[in-house]
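Everything below belongs to entry_20.cif, which stores mmCIF, C-alpha atoms.
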```
data_start
#
loop_
_atom_site.label_atom_id
_atom_site.label_comp_id
_atom_site.auth_asym_id
_atom_site.auth_seq_id
_atom_site.Cartn_x
_atom_site.Cartn_y
_atom_site.Cartn_z
CA MET A 927 213.69 101.88 134.62
CA GLU A 928 214.38 98.78 132.56
CA ASN A 929 216.61 97.39 135.34
CA LYS A 930 213.82 97.84 137.88
CA THR A 931 211.41 96.05 135.57
CA ASN A 932 213.81 93.14 135.17
CA ILE A 933 214.32 92.90 138.93
CA TYR A 934 210.55 92.91 139.42
CA LYS A 935 210.16 90.10 136.89
CA ILE A 936 212.88 88.05 138.55
CA LEU A 937 211.26 88.50 141.97
CA CYS A 938 207.89 87.47 140.56
CA ILE A 939 209.43 84.35 139.01
CA ILE A 940 211.15 83.44 142.31
CA LEU A 941 207.92 83.94 144.25
CA LEU A 942 206.03 81.87 141.68
CA ILE A 943 208.56 79.05 141.99
CA ILE A 944 208.27 79.16 145.78
CA LEU A 945 204.48 79.11 145.58
CA ILE A 946 204.49 76.17 143.16
CA THR A 947 206.94 74.29 145.40
CA VAL A 948 204.86 74.91 148.52
CA LEU A 949 201.64 73.88 146.77
CA SER A 950 203.32 70.78 145.37
CA ILE A 951 204.57 69.72 148.81
CA TRP A 952 201.16 70.44 150.35
CA GLY A 953 199.42 68.50 147.59
CA TYR A 954 201.73 65.53 147.97
CA THR A 955 201.42 65.36 151.76
CA THR A 956 197.65 65.74 151.52
CA LEU A 957 197.49 62.95 148.95
CA VAL A 958 199.67 60.66 151.08
CA GLU A 959 197.56 61.31 154.16
CA LYS A 960 194.28 60.77 152.32
CA SER A 961 195.55 57.53 150.80
CA ALA A 962 196.69 56.23 154.20
CA VAL A 963 193.42 57.22 155.91
CA ASP A 964 191.41 55.56 153.14
CA GLU A 965 193.42 52.36 153.61
CA TYR A 966 192.68 52.40 157.33
CA HIS A 967 188.98 52.89 156.61
CA LYS A 968 188.95 49.88 154.29
CA LEU A 969 190.63 47.76 156.95
CA GLN A 970 188.19 48.94 159.61
CA GLN A 971 185.21 48.09 157.42
CA SER A 972 186.63 44.63 156.80
CA VAL A 973 187.49 43.99 160.44
CA ASN A 974 184.08 45.14 161.64
CA ASN A 975 182.15 43.22 159.00
CA VAL A 976 181.07 40.44 161.35
CA SER A 977 178.04 38.43 160.21
CA GLY A 978 177.37 35.31 162.22
CA THR A 979 179.76 32.49 162.96
CA ASP A 980 180.85 32.15 159.33
CA ALA A 981 182.75 35.41 159.68
CA ALA A 982 184.90 34.08 162.53
CA SER A 983 188.63 34.36 162.02
CA ASP A 984 191.63 33.18 163.98
CA GLY A 985 191.36 36.37 166.03
CA GLN A 986 187.73 35.69 166.90
CA SER A 987 188.51 32.10 167.84
CA ALA A 988 191.24 33.39 170.10
CA GLN A 989 188.86 35.86 171.74
CA ALA A 990 186.32 33.09 172.34
CA ASP A 991 188.99 30.94 173.94
CA THR A 992 190.08 33.89 176.06
CA GLN A 993 186.53 34.51 177.26
CA ALA A 994 186.00 30.82 178.05
CA ASP A 995 189.29 30.54 179.93
CA THR A 996 188.48 33.65 181.93
CA GLU A 997 185.00 32.41 182.80
CA ASN A 998 186.39 29.07 183.96
CA THR A 999 188.99 30.81 186.08
CA THR A 1000 186.39 33.06 187.61
CA ALA A 1001 184.02 30.21 188.35
CA ASP A 1002 186.70 28.20 190.13
CA SER A 1003 188.11 31.11 192.09
CA THR A 1004 187.32 31.70 195.73
CA ASP A 1005 189.06 35.07 195.87
CA PRO A 1006 186.51 37.92 195.54
CA ALA A 1007 189.17 39.97 193.76
CA ASP A 1008 189.18 37.38 190.98
CA THR A 1009 185.41 37.42 190.43
CA GLN A 1010 185.29 40.70 188.53
CA GLU A 1011 182.67 40.48 185.83
CA LEU A 1012 184.29 40.93 182.45
CA PRO A 1013 182.66 42.82 179.59
CA ASP A 1014 181.71 41.03 176.41
CA ILE A 1015 184.52 41.20 173.88
CA PRO A 1016 183.43 43.09 170.75
CA GLN A 1017 183.75 40.78 167.75
CA LYS A 1018 186.30 41.56 165.07
CA ASN A 1019 186.69 39.78 161.76
CA ILE A 1020 190.50 39.95 161.75
CA ASP A 1021 192.32 38.21 158.91
CA TRP A 1022 195.88 38.12 160.24
CA ASP A 1023 197.29 36.75 157.00
CA GLU A 1024 195.84 39.71 155.13
CA LEU A 1025 197.16 42.20 157.67
CA LYS A 1026 200.65 40.71 157.56
CA SER A 1027 200.58 40.77 153.75
CA ILE A 1028 199.97 44.52 154.00
CA ASN A 1029 202.80 44.96 156.50
CA SER A 1030 204.61 42.23 158.41
CA ASP A 1031 205.15 44.62 161.34
CA ILE A 1032 201.42 44.48 162.19
CA TYR A 1033 201.05 42.29 165.28
CA ALA A 1034 197.90 43.50 167.10
CA TRP A 1035 194.66 45.45 166.72
CA ILE A 1036 193.44 48.06 169.21
CA TYR A 1037 189.85 49.12 169.77
CA VAL A 1038 188.72 51.78 172.28
CA PRO A 1039 184.94 52.31 172.68
CA GLY A 1040 183.96 55.97 172.97
CA THR A 1041 186.58 56.94 170.38
CA ASN A 1042 187.43 56.40 166.71
CA ILE A 1043 190.41 54.25 167.72
CA ASP A 1044 190.09 51.01 165.77
CA TYR A 1045 193.48 50.34 164.20
CA PRO A 1046 196.27 47.84 163.65
CA VAL A 1047 199.26 48.13 165.96
CA LEU A 1048 202.76 47.95 164.48
CA GLN A 1049 206.29 47.64 165.77
CA HIS A 1050 209.36 48.23 163.61
CA PRO A 1051 212.17 45.74 164.33
CA THR A 1052 214.99 48.33 164.43
CA ASP A 1053 213.72 51.93 164.22
CA ASP A 1054 211.47 53.04 167.09
CA SER A 1055 210.51 56.30 165.39
CA TYR A 1056 209.82 54.82 161.94
CA TYR A 1057 206.02 54.68 162.25
CA LEU A 1058 205.93 58.17 163.69
CA SER A 1059 206.56 59.39 160.13
CA HIS A 1060 205.70 56.40 157.90
CA ASN A 1061 202.43 54.78 156.91
CA MET A 1062 201.58 51.09 156.62
CA ASP A 1063 202.62 51.00 152.97
CA GLY A 1064 206.02 52.51 153.76
CA SER A 1065 205.18 55.96 152.38
CA LYS A 1066 206.67 58.81 154.38
CA GLY A 1067 204.22 61.24 155.93
CA ARG A 1068 201.15 61.49 158.13
CA PRO A 1069 199.09 60.05 159.69
CA GLY A 1070 201.74 57.43 160.44
CA CYS A 1071 200.70 54.35 162.41
CA ILE A 1072 199.67 53.27 165.86
CA TYR A 1073 202.84 51.66 167.16
CA THR A 1074 204.95 50.44 170.05
CA GLU A 1075 208.70 50.51 170.54
CA LYS A 1076 210.92 47.44 170.51
CA ALA A 1077 211.54 47.80 174.27
CA ASN A 1078 207.98 46.50 174.68
CA SER A 1079 207.13 42.86 174.06
CA ARG A 1080 204.69 42.08 171.28
CA ALA A 1081 203.11 39.60 173.70
CA PHE A 1082 201.95 42.42 176.02
CA THR A 1083 203.76 40.83 178.97
CA ASP A 1084 205.49 44.02 180.18
CA TYR A 1085 204.53 46.00 183.25
CA ASN A 1086 203.82 49.00 181.03
CA THR A 1087 203.27 48.85 177.27
CA ILE A 1088 203.30 52.30 175.68
CA ILE A 1089 201.24 52.69 172.51
CA TYR A 1090 201.74 55.84 170.44
CA GLY A 1091 199.58 57.61 167.88
CA HIS A 1092 199.37 61.05 166.29
CA ASN A 1093 196.80 63.64 167.34
CA MET A 1094 195.45 64.25 163.82
CA LYS A 1095 193.15 67.22 163.17
CA SER A 1096 191.11 64.98 160.88
CA GLY A 1097 190.13 62.86 163.89
CA ALA A 1098 192.31 59.95 162.79
CA MET A 1099 194.75 57.92 164.86
CA PHE A 1100 194.77 58.96 168.55
CA ARG A 1101 192.97 62.29 168.13
CA THR A 1102 189.82 61.03 169.85
CA LEU A 1103 191.84 59.83 172.82
CA HIS A 1104 191.16 63.39 173.97
CA ASN A 1105 187.49 62.41 174.30
CA PHE A 1106 188.46 61.19 177.77
CA GLU A 1107 189.00 64.79 178.80
CA ASP A 1108 185.21 64.79 179.07
CA SER A 1109 184.25 63.32 182.44
CA THR A 1110 181.12 61.74 180.94
CA VAL A 1111 183.19 59.75 178.44
CA PHE A 1112 185.68 58.80 181.13
CA ASP A 1113 182.91 57.55 183.39
CA THR A 1114 181.05 55.72 180.61
CA ASP A 1115 183.63 54.09 178.35
CA LYS A 1116 185.84 51.98 180.58
CA TYR A 1117 187.71 49.49 178.43
CA VAL A 1118 190.47 49.03 175.89
CA TYR A 1119 190.54 45.86 173.78
CA ILE A 1120 193.71 44.58 172.16
CA TYR A 1121 193.40 41.68 169.75
CA THR A 1122 196.33 39.45 168.82
CA GLN A 1123 196.47 36.27 166.82
CA ASP A 1124 196.55 34.20 170.02
CA LYS A 1125 194.48 36.17 172.52
CA VAL A 1126 192.28 39.18 173.20
CA PHE A 1127 193.45 41.38 176.07
CA ILE A 1128 190.86 43.33 178.05
CA TYR A 1129 192.09 46.43 179.86
CA GLU A 1130 190.09 48.62 182.22
CA ILE A 1131 190.81 52.33 182.07
CA PHE A 1132 191.92 53.76 185.40
CA ALA A 1133 193.40 57.16 184.48
CA ALA A 1134 193.32 59.84 181.77
CA TYR A 1135 195.42 62.96 182.14
CA THR A 1136 197.88 65.44 180.72
CA SER A 1137 201.52 64.65 181.48
CA ASP A 1138 204.87 66.12 180.53
CA ALA A 1139 206.56 64.91 177.34
CA SER A 1140 209.13 62.71 179.10
CA HIS A 1141 209.85 59.39 177.41
CA ILE A 1142 208.30 57.04 179.96
CA LEU A 1143 210.32 53.95 179.04
CA HIS A 1144 213.54 55.94 179.37
CA LYS A 1145 212.64 57.88 182.50
CA TYR A 1146 211.37 54.95 184.58
CA ALA A 1147 212.53 51.39 185.19
CA PHE A 1148 209.98 48.64 184.64
CA ASP A 1149 212.06 45.64 185.66
CA SER A 1150 210.35 44.85 188.96
CA ALA A 1151 207.07 45.23 190.82
CA GLU A 1152 208.75 47.76 193.12
CA HIS A 1153 209.80 49.95 190.22
CA MET A 1154 206.38 49.60 188.65
CA GLN A 1155 204.74 50.71 191.90
CA ALA A 1156 207.05 53.73 192.07
CA TYR A 1157 205.98 54.69 188.56
CA LEU A 1158 202.29 54.24 189.40
CA ASP A 1159 202.62 56.43 192.49
CA ASP A 1160 204.09 59.20 190.33
CA ALA A 1161 201.62 58.72 187.46
CA LEU A 1162 198.53 58.73 189.69
CA LYS A 1163 199.65 61.96 191.36
CA GLN A 1164 199.80 63.56 187.92
CA ALA A 1165 196.42 62.09 187.02
CA VAL A 1166 194.74 63.47 190.14
CA ASN A 1167 196.13 66.93 189.38
CA ASN A 1168 195.68 66.98 185.61
CA GLY A 1169 192.83 64.67 184.72
CA TYR A 1170 190.74 61.81 186.05
CA VAL A 1171 191.32 58.66 188.09
CA ARG A 1172 188.87 55.79 188.51
CA LYS A 1173 189.50 54.89 192.14
CA ASN A 1174 187.60 51.61 192.17
CA VAL A 1175 189.98 50.00 189.66
CA ASN A 1176 192.64 47.82 191.27
CA VAL A 1177 196.13 48.69 189.99
CA THR A 1178 199.30 47.63 191.80
CA GLY A 1179 202.98 47.12 191.12
CA GLU A 1180 202.14 43.57 190.05
CA SER A 1181 199.75 44.79 187.33
CA ALA A 1182 200.29 44.93 183.59
CA ILE A 1183 199.05 48.16 182.04
CA VAL A 1184 198.90 49.88 178.66
CA THR A 1185 199.55 53.58 178.27
CA LEU A 1186 198.03 55.22 175.20
CA SER A 1187 200.01 58.34 174.39
CA THR A 1188 199.34 61.23 172.02
CA CYS A 1189 200.24 64.90 171.60
CA THR A 1190 198.45 68.00 172.82
CA SER A 1191 198.54 71.53 171.43
CA ASP A 1192 201.56 72.06 173.69
CA SER A 1193 204.69 70.27 172.45
CA SER A 1194 205.94 69.93 176.02
CA GLU A 1195 202.93 67.79 176.99
CA ARG A 1196 201.40 64.42 176.21
CA TYR A 1197 197.88 63.18 176.82
CA LEU A 1198 197.78 59.71 178.37
CA VAL A 1199 195.01 57.18 178.85
CA GLN A 1200 196.02 54.23 181.01
CA ALA A 1201 194.31 50.90 181.51
CA VAL A 1202 195.06 47.76 183.51
CA LEU A 1203 194.83 44.20 182.23
CA ILE A 1204 191.87 42.40 183.81
CA ASN A 1205 191.75 39.05 182.00
CA GLU A 1206 195.17 37.61 182.84
#
```
Kindly present the structure from the file in structure tokens form.
Amino acid sequence: MENKTNIYKILCIILLIILITVLSIWGYTTLVEKSAVDEYHKLQQSVNNVSGTDAASDGQSAQADTQADTENTTADSTDPADTQELPDIPQKNIDWDELKSINSDIYAWIYVPGTNIDYPVLQHPTDDSYYLSHNMDGSKGRPGCIYTEKANSRAFTDYNTIIYGHNMKSGAMFRTLHNFEDSTVFDTDKYVYIYTQDKVFIYEIFAAYTSDASHILHKYAFDSAEHMQAYLDDALKQAVNNGYVRKNVNVTGESAIVTLSTCTSDSSERYLVQAVLINE
């Protein structure tokens, strides 16, 4: 009887240790995630605190120059395809020195109307998967960062720039990319804005759909207009079958696009929102 009692006590102690360990891990990961999300919120409040011309930063000056250059190009153009009316660029009070002091890998800011996506974009110089599991401050854990891989230029000059973000239950990162599964959102919110220190890129959304989990930059070649067109042909077929396509948006093998990629509830799938650059 005494042996059984001792065994019971030992089992209880083991179970208690396991429970404490699990709760400790859960508490730590929750704390890391909350801290990272709070930091993002502070940055968003700062970036969106625009009050008159005194709040203008280098990023805002760049966006003004971009808008002016585009308007001049449009005014001088005789090609109807070049006279597309561009949307107003939402103002951002971006202090690039501050962002780089937080993390030198920050090189852009992405904003997608119709979603909660309003984040810095990072790229690690050597480890493509680093920001999948690390936050801006270097802590390991979720929510990670919005990031690109080193195969893509930080100047957004590639045929296809893939931007990744987690599908967080809290609504953070790229969770609200799934808003485009609603046809009303897809039809209403048409643009993606990417701010850099030198320029603001305006992209028009042309597709939103569920795809397989293939690594796009590994599966397809993006070294020529012909290869880009082959990719687009494949991608648009998937979009027609598994999502939405905006048919009046001009996208060709000569285009530069961004692909915003996040997870779904199925690990074999990814949800993609794709947009084409319209203010070259």
Practice item. Name the residues that the PyMOL selection byres ((chain A and resi 1077-1088) around 9) picks from the file above, as a ChimeraX atom specification, using the file's chain letters and numbers. Key: /A:1033-1034,1049,1054,1073-1076,1089-1090,1122,1127,1142-1143,1148-1151,1154,1179-1187
Selected residues written out with C-alpha atoms, as a CSV table (one decimal), keeping the file's coordinate frame:
```csv
chain,number,residue,atom,x,y,z
A,1033,TYR,CA,201.0,42.3,165.3
A,1034,ALA,CA,197.9,43.5,167.1
A,1049,GLN,CA,206.3,47.6,165.8
A,1054,ASP,CA,211.5,53.0,167.1
A,1073,TYR,CA,202.8,51.7,167.2
A,1074,THR,CA,205.0,50.4,170.0
A,1075,GLU,CA,208.7,50.5,170.5
A,1076,LYS,CA,210.9,47.4,170.5
A,1089,ILE,CA,201.2,52.7,172.5
A,1090,TYR,CA,201.7,55.8,170.4
A,1122,THR,CA,196.3,39.4,168.8
A,1127,PHE,CA,193.4,41.4,176.1
A,1142,ILE,CA,208.3,57.0,180.0
A,1143,LEU,CA,210.3,54.0,179.0
A,1148,PHE,CA,210.0,48.6,184.6
A,1149,ASP,CA,212.1,45.6,185.7
A,1150,SER,CA,210.4,44.8,189.0
A,1151,ALA,CA,207.1,45.2,190.8
A,1154,MET,CA,206.4,49.6,188.6
A,1179,GLY,CA,203.0,47.1,191.1
A,1180,GLU,CA,202.1,43.6,190.0
A,1181,SER,CA,199.8,44.8,187.3
A,1182,ALA,CA,200.3,44.9,183.6
A,1183,ILE,CA,199.0,48.2,182.0
A,1184,VAL,CA,198.9,49.9,178.7
A,1185,THR,CA,199.6,53.6,178.3
A,1186,LEU,CA,198.0,55.2,175.2
A,1187,SER,CA,200.0,58.3,174.4
```
**Study point:** One-decimal distance in Å that lies between CA of Ala1139 (chain A) and CA of Tyr1170 (chain A)
**Key:**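 Result for CA of Tyr1170 (chain A) versus CA of Ala1139 (chain A): 18.3 Å, one decimal.
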Practice item. To verify the selection step, state as a list in words which residues the PyMOL selection byres ((chain A and resi 1162) around 12) yields on this input. Key: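 So the PyMOL selection byres ((chain A and resi 1162) around 12) ends up selecting Phe1132, Ala1133, Ala1134, Tyr1135, Thr1136, Ser1137, Gln1155, Ala1156, Tyr1157, Leu1158, Asp1159, Asp1160, Ala1161, Lys1163, Gln1164, Ala1165, Val1166, Asn1167, Asn1168, Gly1169, Tyr1170, Val1171, Arg1172, Lys1173, Val1177, Thr1178, Leu1198, Val1199 and Gln1200 of chain A.
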Could you please take those selected residues and save C-alpha atoms as a PDB file, in the frame of the given file?
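Saved to result_4.pdb:
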```pdb
ATOM      1  CA  PHE A1132     191.920  53.760 185.400  1.00  0.00           C
ATOM      2  CA  ALA A1133     193.400  57.160 184.480  1.00  0.00           C
ATOM      3  CA  ALA A1134     193.320  59.840 181.770  1.00  0.00           C
ATOM      4  CA  TYR A1135     195.420  62.960 182.140  1.00  0.00           C
ATOM      5  CA  THR A1136     197.880  65.440 180.720  1.00  0.00           C
ATOM      6  CA  SER A1137     201.520  64.650 181.480  1.00  0.00           C
ATOM      7  CA  GLN A1155     204.740  50.710 191.900  1.00  0.00           C
ATOM      8  CA  ALA A1156     207.050  53.730 192.070  1.00  0.00           C
ATOM      9  CA  TYR A1157     205.980  54.690 188.560  1.00  0.00           C
ATOM     10  CA  LEU A1158     202.290  54.240 189.400  1.00  0.00           C
ATOM     11  CA  ASP A1159     202.620  56.430 192.490  1.00  0.00           C
ATOM     12  CA  ASP A1160     204.090  59.200 190.330  1.00  0.00           C
ATOM     13  CA  ALA A1161     201.620  58.720 187.460  1.00  0.00           C
ATOM     14  CA  LYS A1163     199.650  61.960 191.360  1.00  0.00           C
ATOM     15  CA  GLN A1164     199.800  63.560 187.920  1.00  0.00           C
ATOM     16  CA  ALA A1165     196.420  62.090 187.020  1.00  0.00           C
ATOM     17  CA  VAL A1166     194.740  63.470 190.140  1.00  0.00           C
ATOM     18  CA  ASN A1167     196.130  66.930 189.380  1.00  0.00           C
ATOM     19  CA  ASN A1168     195.680  66.980 185.610  1.00  0.00           C
ATOM     20  CA  GLY A1169     192.830  64.670 184.720  1.00  0.00           C
ATOM     21  CA  TYR A1170     190.740  61.810 186.050  1.00  0.00           C
ATOM     22  CA  VAL A1171     191.320  58.660 188.090  1.00  0.00           C
ATOM     23  CA  ARG A1172     188.870  55.790 188.510  1.00  0.00           C
ATOM     24  CA  LYS A1173     189.500  54.890 192.140  1.00  0.00           C
ATOM     25  CA  VAL A1177     196.130  48.690 189.990  1.00  0.00           C
ATOM     26  CA  THR A1178     199.300  47.630 191.800  1.00  0.00           C
ATOM     27  CA  LEU A1198     197.780  59.710 178.370  1.00  0.00           C
ATOM     28  CA  VAL A1199     195.010  57.180 178.850  1.00  0.00           C
ATOM     29  CA  GLN A1200     196.020  54.230 181.010  1.00  0.00           C
TER      30      GLN A1200
END
```
Practice item. Would you kindly return, as a ChimeraX atom specification, each protein, DNA or RNA residue with an atom no farther than 12 Å from any atom of Tyr1117 (chain A), considering only C-alpha atoms and excluding same-chain residues fewer than 3 positions away? Key: /A:1012-1016,1036-1041,1106,1111-1114,1120,1127-1133,1172,1175,1183-1184,1199-1205
Show me, as AutoDock Vina command-line options, the centre and edge lengths in Å to one decimal of the axis-aligned box that covers every listed atom of region 1082-1087 of chain A with 4 Å on each side.
```
--center_x 203.7 --center_y 44.9 --center_z 179.6 --size_x 11.5 --size_y 16.2 --size_z 15.2
```
Point to revise | Å distance separating CA of Tyr1119 (chain A) from CA of Gln1017 (chain A), one decimal place | key: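 That distance, rounded to one decimal, is 10.4 Å.
Separating CA of Asn1019 (chain A) from CA of Val973 (chain A) is a distance of 4.5 Å.
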